[in-house]
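Here is the structure we will look at.
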Amino acid sequence: MAHYSPILCVVGARPNFMKMAAILPALQSGPSPLPVRLIHTGQHYDEAMKASFFRQLQIPEPDVDLEVGSGSHAQQTAQIMQRFEPVIDREKPEAVLVVGDVNSTLACSLVAVKKRIPVIHVEAGLRSFDRSMPEEINRILTDRISDLLFTTERQAKIHLTQEGVVPKRVHFVGNVMIDTLRRILPQAPSSAEVLAREVPHITDFPREPGSYALLTLHRPSNVDDPGVLEKLLMTMRDVSRRVPIIFPVHPRTALRIEQADLGFMLGGGLQRRGPTGRILQLPPLGYVEMLGLMAHARVVLTDSGGIQEETTALGVPCLTLRENTERPITVAEGTNTVVGQDGDRILGELDSILAGKGKAGRVPELWDGQAAQRIARVIKQRFGR
Ligand code: UD1
């Protein structure tokens, strides 16, 4: 029997999982399925950050787990590279497929390209033009060395061609994260079910659709400087006086809050209510629980990239706690408003949403649940036999 070289599909961190959950079955189905191997770098390793996602999204167990864990950017990137190289040598893949903009994305691309293995980048061409973000560096470099680039919005191709990428390598296919959102949304629990499951001892926190705000925070620019973090948490206390907040806390943020001794602003440890009684902390949630909370929130406050897109797809107002976004279509067409870290600005925009004057928004072009199929078609044409 002829030996077909596989496509190595790489995941590392939480936002990669929902993207790969759509891509893997599309590559492996249809009249000409491709052999694939799933490689997990181990960048995210906690049960809450990894295993529950694999289960809920029905992602198969990785064929290889590089188990790199946490570290500085240099350490993490270098470890992934060192441990990925022998996998390439062993598997002799046809191509390496990476998604998004995390350290695992860049590290594996770099190993592949130097071994003359074509790199496929899904979610190419997004730019915040803010080089202080580690993800921006990962995006620019990964795109520069990719062979096949799949984009979620039309503007991305303009960025890529301006940077010298050959236009015929770029394919506008839509958003694989929204493929997964559409598939899983019917299974998402209600907000009442999520709270009953996560914090059964707290029964009087608002949970009806439209009665709470959902908050996520994890960007280094928001959580690493104790002064910035304290100001943001003060603003969140003001927000919570207008609308109660449900706050699933990323491990990085939990660590920073503890290190800066700011737990008192949220009422102590996890799963406690804050001093105003209106901020409910939760541990990091699984994908379906997060989707359930997001779909029924009055407003979402976040510094995540993916959540800006998910709220746009769901039609839920989103305030992005950053100075910029690499996903401008969520602002131009969706429900997203970039508000930065300034308390007055955040509260002003919040008030207009609560007064019913938020943006209506529409779902961007090709965010229709079929992006992975389009990607698979192009890859099969190029690498299929
Ligand atoms: C990473 C991505 C970011 C993405 C985010 C989603 C990079 C540069 N950043 O950031 O783009 O939005 O994932 O979550 O790749 N930790 C745990 N358990 C885990 C993973 C992390 O406790 O399973 C803690 C550790 O203290 C670790 C810290 O979180 O040092 C940061 O983890 P890391 O993977 O370096 O980056 P994220 O902040 O999660």
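We label chains A, B, ... in the order they appear in the structure tokens, count residues from 1 in each chain, and number ligands from 1 in the order shown.
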
12 Å contact set for Ile379 of chain A, only C-alpha atoms, chain neighbours under 2 positions out, as a ChimeraX atom specification: /A:7,23-24,26-28,32-36,94-97,118-122,147-150,169,171,372-377,381-385

Surroundings of ligand 1 up to 8 Å, based on only C-alpha atoms and all ligand atoms, as a ChimeraX atom specification: /A:13-15,42-50,69-73,76,101-105,134-135,138,218-220,250-253,255,304-306

Glu208 of chain A surroundings by only C-alpha atoms, 9 Å radius, close-in-sequence under 5 positions cut, as a count of residues only: 5

All residues 12 Å or closer to Val288 of chain A, only C-alpha atoms, same chain fewer than 4 positions away omitted, as number ranges by chain: A: 18, 52-58, 180-191, 193-194, 284, 292-295

Non-local contacts of segment 245-247 of chain A (8 Å; only C-alpha atoms; under 3 positions in same chain excluded) as a ChimeraX atom specification: /A:212-216,239-240,278-282

Residues from the last selection, all heavy atoms, saved as a short mmCIF file (atom, residue, chain, number, x, y, z; two decimals), in the first residue's frame:
```cif
data_model
loop_
_atom_site.label_atom_id
_atom_site.label_comp_id
_atom_site.auth_asym_id
_atom_site.auth_seq_id
_atom_site.Cartn_x
_atom_site.Cartn_y
_atom_site.Cartn_z
N TYR A 212 -27.08 40.04 33.34
CA TYR A 212 -25.70 40.11 33.85
C TYR A 212 -24.73 40.47 32.72
O TYR A 212 -25.04 40.30 31.52
CB TYR A 212 -25.28 38.74 34.45
CG TYR A 212 -25.32 37.64 33.44
CD1 TYR A 212 -24.21 37.34 32.64
CD2 TYR A 212 -26.49 36.93 33.20
CE1 TYR A 212 -24.26 36.36 31.67
CE2 TYR A 212 -26.55 35.94 32.22
CZ TYR A 212 -25.43 35.67 31.46
OH TYR A 212 -25.49 34.71 30.49
N ALA A 213 -23.56 40.99 33.14
CA ALA A 213 -22.45 41.19 32.20
C ALA A 213 -21.48 40.03 32.37
O ALA A 213 -21.37 39.47 33.46
CB ALA A 213 -21.75 42.50 32.49
N LEU A 214 -20.77 39.69 31.30
CA LEU A 214 -19.76 38.64 31.36
C LEU A 214 -18.40 39.29 31.13
O LEU A 214 -18.24 40.08 30.19
CB LEU A 214 -20.05 37.60 30.27
CG LEU A 214 -19.09 36.41 30.18
CD1 LEU A 214 -19.19 35.53 31.42
CD2 LEU A 214 -19.42 35.58 28.93
N LEU A 215 -17.44 38.98 32.01
CA LEU A 215 -16.11 39.61 31.94
C LEU A 215 -15.04 38.54 31.75
O LEU A 215 -15.05 37.52 32.42
CB LEU A 215 -15.85 40.36 33.25
CG LEU A 215 -14.42 40.88 33.49
CD1 LEU A 215 -14.06 41.99 32.49
CD2 LEU A 215 -14.28 41.41 34.93
N THR A 216 -14.10 38.78 30.80
CA THR A 216 -12.88 37.98 30.75
C THR A 216 -11.69 38.92 30.61
O THR A 216 -11.78 39.96 29.95
CB THR A 216 -12.83 36.96 29.58
OG1 THR A 216 -12.42 37.62 28.37
CG2 THR A 216 -14.15 36.26 29.35
N VAL A 239 -18.75 49.12 37.11
CA VAL A 239 -19.63 48.42 36.15
C VAL A 239 -20.64 47.57 36.93
O VAL A 239 -21.84 47.57 36.64
CB VAL A 239 -18.79 47.52 35.19
CG1 VAL A 239 -19.69 46.58 34.39
CG2 VAL A 239 -17.94 48.37 34.25
N SER A 240 -20.13 46.87 37.95
CA SER A 240 -20.99 45.91 38.66
C SER A 240 -22.11 46.61 39.44
O SER A 240 -23.10 45.98 39.79
CB SER A 240 -20.16 45.02 39.59
OG SER A 240 -19.79 45.74 40.75
N ARG A 278 -21.76 41.90 43.70
CA ARG A 278 -22.23 41.87 42.31
C ARG A 278 -21.15 41.46 41.33
O ARG A 278 -21.29 41.66 40.14
CB ARG A 278 -22.83 43.23 41.97
CG ARG A 278 -24.19 43.40 42.69
CD ARG A 278 -24.71 44.80 42.61
NE ARG A 278 -25.04 45.23 41.27
CZ ARG A 278 -26.21 45.01 40.67
NH1 ARG A 278 -27.15 44.32 41.27
NH2 ARG A 278 -26.43 45.48 39.46
N ILE A 279 -20.05 40.91 41.82
CA ILE A 279 -19.06 40.30 40.92
C ILE A 279 -18.90 38.85 41.35
O ILE A 279 -18.52 38.58 42.49
CB ILE A 279 -17.70 41.02 40.98
CG1 ILE A 279 -17.83 42.49 40.59
CG2 ILE A 279 -16.70 40.31 40.05
CD1 ILE A 279 -16.53 43.27 40.59
N LEU A 280 -19.22 37.95 40.45
CA LEU A 280 -19.14 36.53 40.77
C LEU A 280 -17.95 35.93 40.02
O LEU A 280 -17.96 35.86 38.79
CB LEU A 280 -20.43 35.84 40.34
CG LEU A 280 -20.48 34.32 40.52
CD1 LEU A 280 -20.41 33.94 41.99
CD2 LEU A 280 -21.75 33.75 39.89
N GLN A 281 -16.92 35.52 40.80
CA GLN A 281 -15.77 34.88 40.15
C GLN A 281 -16.02 33.40 39.97
O GLN A 281 -16.55 32.74 40.86
CB GLN A 281 -14.54 35.03 41.04
CG GLN A 281 -14.04 36.43 41.16
CD GLN A 281 -12.85 36.44 42.11
OE1 GLN A 281 -11.74 36.10 41.73
NE2 GLN A 281 -13.10 36.80 43.34
N LEU A 282 -15.58 32.90 38.82
CA LEU A 282 -15.67 31.46 38.55
C LEU A 282 -14.30 30.99 38.07
O LEU A 282 -13.50 31.78 37.58
CB LEU A 282 -16.68 31.19 37.43
CG LEU A 282 -18.14 31.60 37.66
CD1 LEU A 282 -18.95 31.32 36.39
CD2 LEU A 282 -18.74 30.87 38.84
#
```

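Take the candidates A:Glu333, A:Asp261, A:Asp351, A:Glu91 and check each one against Arg298 of chain A using only C-alpha atoms; the shortest distance goes to A:Asp351.
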
Shortest interatomic distance to Gly369 of chain A - which of A:Thr142, A:Thr152, A:Gln79, A:Ser132, counting only C-alpha atoms: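 Distance minimum relative to Gly369 of chain A lands on A:Thr152.
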
Residue neighbourhood Pro62 of chain A, 8 Å, only C-alpha atoms, exclusion window fewer than 5 positions, as a ChimeraX atom specification: /A:37-40

Proximity to Met265 of chain A - best of A:Val99, A:Val165, A:Leu233, A:Leu126, only C-alpha atoms: A:Leu233

Strand (DSSP E or B) per DSSP on the backbone: members of segment 71-136 of chain A, as a list of chain:residue names: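 Strand (DSSP E or B) members of segment 71-136 of chain A, listed: A:Ala95, A:Val96, A:Leu97, A:Val98, A:Val99, A:Val119, A:Ile120, A:His121, A:Val122.
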
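Each of A:Gln370, A:Gln82, A:Gln162, A:Thr41 was checked against Met177 of chain A using only C-alpha atoms; the smallest atom-to-atom distance is that of A:Gln370.
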
Helix (DSSP H, G or I) residues, from DSSP on the backbone, in segment 122-296 of chain A, as a ChimeraX atom specification: /A:134-144,155-162,167-169,176-187,191-198,220-223,226-242,251-259,263-266,287-295

For Gly348 of chain A, the nearest of the candidates A:Asn324, A:Thr312, A:Thr235, A:Thr77, counting only C-alpha atoms: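 Distance minimum relative to Gly348 of chain A lands on A:Thr235.
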
Proximity to Met133 of chain A - best of A:Val299, A:Arg322, A:Pro226, A:Pro25, only C-alpha atoms: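 Between A:Val299, A:Arg322, A:Pro226, A:Pro25, the residue approaching Met133 of chain A most closely is A:Arg322.
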